[in-house]
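A.B. asks: Okay, handing you the structure first.
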Amino acid sequence: MSGLFGPHGEHGDGPDDPRREAALHHVREILHLHGATDEEIDQAIADDVLDLFVFDRVLVPSRRRYTRGEVAEMTGVNLESLVRFWRALGFPNVSDDERSFTDLDLEAVRLFQGMQALGAARTDTALQLARVIGSSMSRIAEAELVPANLSSGEYDTVIAADEFASVADVTIPAMARLLEFVWRRQVAAVIRRTMMSRRHGVAPGESPVLAVGFADMVGFTLLSQHLTDSELADVVRRFEELSHDIVTGLGGRVVKMIGDEVMFVVDSAADAARIGLDLADAYADDELLSDVRVGLALGPVLLREGDYFGTTVNLAHRIVNIGNPGTVLISEEFRGALLDLVPDEFTTKPLRPRLLKDLGRVQLWWLGRAGQEADGTGAAADLRRNVRWERLSEVLRDLEELRGVGERLLSNRSAGSVGPQPGRGDPERS
């Protein structure tokens, strides 16, 4: 595991290891305090999931004592609304007679009721927000609990369970405060952007004009077929790291990562152009990753549930799909905004008009820095790719030569074991 729940313990020496026995005793005490039975604990030990069982019980400390019908009756919320709210948060469905709900669930429903009573949230708005919260928190939870790290043979679930239980009173509240801090800062950032939009004449509910960008890593599908899971994870992690650092560092906002693709939005076309070119340069210089192609468009966008929609988004995505490796392509409207904002910072070159699905014939432009030679065909990226393939070929040739040497050594050794040996004569004649 990673983050707050990472394994820090060493592998136990066996069931009779004193440290492991003491850890198991401590874990049993804590689980008993959280309502777990000895049968449940013994089953978790037998299934080798004691660490996960502890995480589950400590993270949701209240006992699971209510059915969803009982929650509806105790809170006054009709069952249909309760089920919709539960599903919107992304939680798995439960049967009518399953006692899966706790006092914490009752408190959450009552908070929701209070917000509605104050007029702070209508039912449809609250459900929409619940879907955003649920999907976002699910990603955070997945990031905190990475199953790949549990595959090590040196991982002892009893030791890990004890170590987590020993610090849970500190780490869980700390994580909750951190999430609250990030939420407050992100809401404040949205408020400031909204204030700026209104100052520029954008009315409430009106679609703002933003620069939308997509960056797509070339050859990712082919690359993923030749990598192990851990190697592929390294590539994805590096791709996300570079994308986030460059986009946010230049004033943009990462909307989402989809495997080998990142979507971002920027208030200024000039900043978006800088981001696009920096992304192309960063991936060109990275030994681990292949080149990216970037598509940029400017226009009104529709914001819903933290995502962006509309013709501008579709255009940027169509552009990136037809771009050559290592190039940044922009729309006609984007180029016009650049010429108005920073006429001397960038250079552009027209490409032949393209017929894009659902968008018609559009004029696209290659984007470069001032004084940069136009490279709309991605020739530089082709050269880099050839160099990378040459390096890979050299490595493969070296490996083939080493394998040949090894086979010859093994063959000679095998032959020497049955043939004449120095100083001992021929075994056939002795």
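Chains: A, B, ... in order of the structure tokens. Residues: from 1 per chain. Ligands: from 1, in order shown.
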Excluding region 353-355 of chain A and any residue of its chain fewer than 5 positions from it, enumerate the residues within 10 Å of it, using only C-alpha atoms, and give them as a PDB file with all heavy atoms, in the first residue's frame.

C.D. replies:
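Writing done, so here's around.pdb:
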ATOM      1  N   ILE A 319      -8.352  17.777 -33.011  1.00  0.00           N
ATOM      2  CA  ILE A 319      -7.060  18.279 -33.469  1.00  0.00           C
ATOM      3  C   ILE A 319      -5.935  17.374 -32.996  1.00  0.00           C
ATOM      4  O   ILE A 319      -5.031  17.020 -33.765  1.00  0.00           O
ATOM      5  CB  ILE A 319      -6.832  19.722 -32.964  1.00  0.00           C
ATOM      6  CG1 ILE A 319      -7.802  20.692 -33.644  1.00  0.00           C
ATOM      7  CG2 ILE A 319      -5.394  20.170 -33.239  1.00  0.00           C
ATOM      8  CD1 ILE A 319      -7.737  22.107 -33.106  1.00  0.00           C
ATOM      9  N   ILE A 322      -5.250  14.167 -34.955  1.00  0.00           N
ATOM     10  CA  ILE A 322      -4.673  14.199 -36.298  1.00  0.00           C
ATOM     11  C   ILE A 322      -3.269  14.803 -36.297  1.00  0.00           C
ATOM     12  O   ILE A 322      -2.626  14.855 -37.343  1.00  0.00           O
ATOM     13  CB  ILE A 322      -5.566  14.993 -37.277  1.00  0.00           C
ATOM     14  CG1 ILE A 322      -5.620  16.470 -36.874  1.00  0.00           C
ATOM     15  CG2 ILE A 322      -6.945  14.384 -37.355  1.00  0.00           C
ATOM     16  CD1 ILE A 322      -6.351  17.329 -37.889  1.00  0.00           C
ATOM     17  N   GLY A 360     -17.065  19.863 -39.586  1.00  0.00           N
ATOM     18  CA  GLY A 360     -16.894  20.451 -40.903  1.00  0.00           C
ATOM     19  C   GLY A 360     -15.441  20.726 -41.236  1.00  0.00           C
ATOM     20  O   GLY A 360     -14.523  20.214 -40.600  1.00  0.00           O
ATOM     21  N   ARG A 361     -15.228  21.578 -42.238  1.00  0.00           N
ATOM     22  CA  ARG A 361     -13.874  21.914 -42.686  1.00  0.00           C
ATOM     23  C   ARG A 361     -13.326  23.037 -41.825  1.00  0.00           C
ATOM     24  O   ARG A 361     -13.961  24.086 -41.665  1.00  0.00           O
ATOM     25  CB  ARG A 361     -13.903  22.327 -44.151  1.00  0.00           C
ATOM     26  CG  ARG A 361     -12.509  22.485 -44.770  1.00  0.00           C
ATOM     27  CD  ARG A 361     -12.629  22.712 -46.265  1.00  0.00           C
ATOM     28  NE  ARG A 361     -13.207  21.552 -46.926  1.00  0.00           N
ATOM     29  CZ  ARG A 361     -12.522  20.492 -47.303  1.00  0.00           C
ATOM     30  NH1 ARG A 361     -11.215  20.419 -47.083  1.00  0.00           N
ATOM     31  NH2 ARG A 361     -13.114  19.471 -47.896  1.00  0.00           N
ATOM     32  N   VAL A 362     -12.149  22.836 -41.254  1.00  0.00           N
ATOM     33  CA  VAL A 362     -11.550  23.818 -40.355  1.00  0.00           C
ATOM     34  C   VAL A 362     -10.112  24.095 -40.791  1.00  0.00           C
ATOM     35  O   VAL A 362      -9.439  23.242 -41.371  1.00  0.00           O
ATOM     36  CB  VAL A 362     -11.563  23.329 -38.889  1.00  0.00           C
ATOM     37  CG1 VAL A 362     -12.985  23.111 -38.399  1.00  0.00           C
ATOM     38  CG2 VAL A 362     -10.751  22.050 -38.736  1.00  0.00           C
ATOM     39  N   GLN A 363      -9.683  25.314 -40.492  1.00  0.00           N
ATOM     40  CA  GLN A 363      -8.308  25.701 -40.750  1.00  0.00           C
ATOM     41  C   GLN A 363      -7.482  25.503 -39.488  1.00  0.00           C
ATOM     42  O   GLN A 363      -7.832  25.988 -38.421  1.00  0.00           O
ATOM     43  CB  GLN A 363      -8.235  27.177 -41.167  1.00  0.00           C
ATOM     44  CG  GLN A 363      -6.822  27.717 -41.358  1.00  0.00           C
ATOM     45  CD  GLN A 363      -6.078  27.000 -42.474  1.00  0.00           C
ATOM     46  OE1 GLN A 363      -6.558  26.951 -43.607  1.00  0.00           O
ATOM     47  NE2 GLN A 363      -4.927  26.435 -42.165  1.00  0.00           N
ATOM     48  N   LEU A 364      -6.390  24.770 -39.593  1.00  0.00           N
ATOM     49  CA  LEU A 364      -5.517  24.506 -38.457  1.00  0.00           C
ATOM     50  C   LEU A 364      -4.152  25.138 -38.713  1.00  0.00           C
ATOM     51  O   LEU A 364      -3.765  25.393 -39.858  1.00  0.00           O
ATOM     52  CB  LEU A 364      -5.365  23.001 -38.227  1.00  0.00           C
ATOM     53  CG  LEU A 364      -6.655  22.223 -37.957  1.00  0.00           C
ATOM     54  CD1 LEU A 364      -6.343  20.748 -37.775  1.00  0.00           C
ATOM     55  CD2 LEU A 364      -7.381  22.767 -36.737  1.00  0.00           C
ATOM     56  N   TRP A 365      -3.420  25.350 -37.619  1.00  0.00           N
ATOM     57  CA  TRP A 365      -2.118  25.995 -37.684  1.00  0.00           C
ATOM     58  C   TRP A 365      -1.112  25.235 -36.835  1.00  0.00           C
ATOM     59  O   TRP A 365      -1.433  24.758 -35.744  1.00  0.00           O
ATOM     60  CB  TRP A 365      -2.206  27.438 -37.179  1.00  0.00           C
ATOM     61  CG  TRP A 365      -3.092  28.316 -38.003  1.00  0.00           C
ATOM     62  CD1 TRP A 365      -4.459  28.342 -38.001  1.00  0.00           C
ATOM     63  CD2 TRP A 365      -2.677  29.276 -38.977  1.00  0.00           C
ATOM     64  NE1 TRP A 365      -4.928  29.261 -38.885  1.00  0.00           N
ATOM     65  CE2 TRP A 365      -3.845  29.865 -39.511  1.00  0.00           C
ATOM     66  CE3 TRP A 365      -1.445  29.704 -39.456  1.00  0.00           C
ATOM     67  CZ2 TRP A 365      -3.809  30.849 -40.483  1.00  0.00           C
ATOM     68  CZ3 TRP A 365      -1.398  30.696 -40.416  1.00  0.00           C
ATOM     69  CH2 TRP A 365      -2.571  31.257 -40.929  1.00  0.00           C
TER      70      TRP A 365
END

A.B. asks: When you look at region 258-272 of chain A with a cut-off of 9 Å (counting only C-alpha atoms), what residues show up, excluding the ones that are within fewer than 4 positions of it in the same chain? I need them as a ChimeraX atom specification.

C.D. replies: /A:193,209-218,220-221,236,239-240,243-244,247,250-254,276-277,296-298,308,317,334-335,337-338,341-342,345

A.B. asks: Would you pick out the contacts of region 36-47 of chain A at 10 Å or less, using only C-alpha atoms, so that residues sharing its chain but fewer than 3 positions from it are not included, and give the list as a list in words?

C.D. replies: Leu24, Val27, Arg28, Glu29, Ile30, Leu31, His32, Leu33, Leu50, Asp51, Leu52, Phe53, Val54, Arg57, Arg63, Thr157 and Val158 of chain A

A.B. asks: Based on the selection just made, write C-alpha atoms of those residues as an mmCIF file, in the first residue's frame.

C.D. replies:
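Output (selection_30.cif):
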data_model
loop_
_atom_site.group_PDB
_atom_site.id
_atom_site.type_symbol
_atom_site.label_atom_id
_atom_site.label_comp_id
_atom_site.auth_asym_id
_atom_site.auth_seq_id
_atom_site.Cartn_x
_atom_site.Cartn_y
_atom_site.Cartn_z
ATOM 1 C CA LEU A 24 -1.778 -9.917 16.849
ATOM 2 C CA VAL A 27 -4.824 -5.900 16.894
ATOM 3 C CA ARG A 28 -7.415 -8.169 18.521
ATOM 4 C CA GLU A 29 -7.890 -5.668 21.338
ATOM 5 C CA ILE A 30 -8.462 -2.810 18.917
ATOM 6 C CA LEU A 31 -10.837 -4.818 16.744
ATOM 7 C CA HIS A 32 -12.843 -5.885 19.794
ATOM 8 C CA LEU A 33 -13.232 -2.203 20.681
ATOM 9 C CA LEU A 50 -6.162 -8.874 8.590
ATOM 10 C CA ASP A 51 -4.576 -5.557 7.577
ATOM 11 C CA LEU A 52 -7.512 -4.726 5.304
ATOM 12 C CA PHE A 53 -9.995 -5.813 7.961
ATOM 13 C CA VAL A 54 -8.385 -3.438 10.459
ATOM 14 C CA ARG A 57 -13.116 -1.219 10.950
ATOM 15 C CA ARG A 63 -20.903 -0.616 14.263
ATOM 16 C CA THR A 157 -0.449 -8.562 7.161
ATOM 17 C CA VAL A 158 -0.397 -8.928 10.963
#

A.B. asks: Residues of region 167-384 of chain A classed as strand (DSSP E or B) by DSSP on the backbone are to be reported as a PyMOL selection string.

C.D. replies: chain A and resi 209-217+253-258+261-266+292-300+302-304+307-309+328-331+346-350+354-356+360-362+364-369

A.B. asks: Leaving out Asp103 (chain A) and any residue of its chain fewer than 3 positions from it, which residues lie within 10 Å of it when counting only C-alpha atoms, given as a list in words?

C.D. replies: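 Close residues of Asp103 (chain A): Val60, Pro61, Ser62, Arg63, Arg64, Arg65, Tyr66, Val71, Leu106, Glu107, Ala108 and Val109 of chain A.
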
A.B. asks: Using only C-alpha atoms, find each residue in region 168-279 of chain A having at least one atom no more than 12 Å away from region 118-142 of chain A; report its shortest atom-to-atom pair and that distance in Å (one decimal), rows by chain then rising number, as JSON lines.

C.D. replies:
{"residue": "A:Met175", "atom": "CA", "partner": "A:Ile140", "partner_atom": "CA", "distance": 10.9}
{"residue": "A:Ala176", "atom": "CA", "partner": "A:Met137", "partner_atom": "CA", "distance": 11.6}
{"residue": "A:Leu179", "atom": "CA", "partner": "A:Met137", "partner_atom": "CA", "distance": 9.7}
{"residue": "A:Trp183", "atom": "CA", "partner": "A:Ile133", "partner_atom": "CA", "distance": 10.7}
{"residue": "A:Val255", "atom": "CA", "partner": "A:Ser136", "partner_atom": "CA", "distance": 11.9}
{"residue": "A:Lys256", "atom": "CA", "partner": "A:Ser136", "partner_atom": "CA", "distance": 11.0}
{"residue": "A:Met257", "atom": "CA", "partner": "A:Arg139", "partner_atom": "CA", "distance": 11.6}
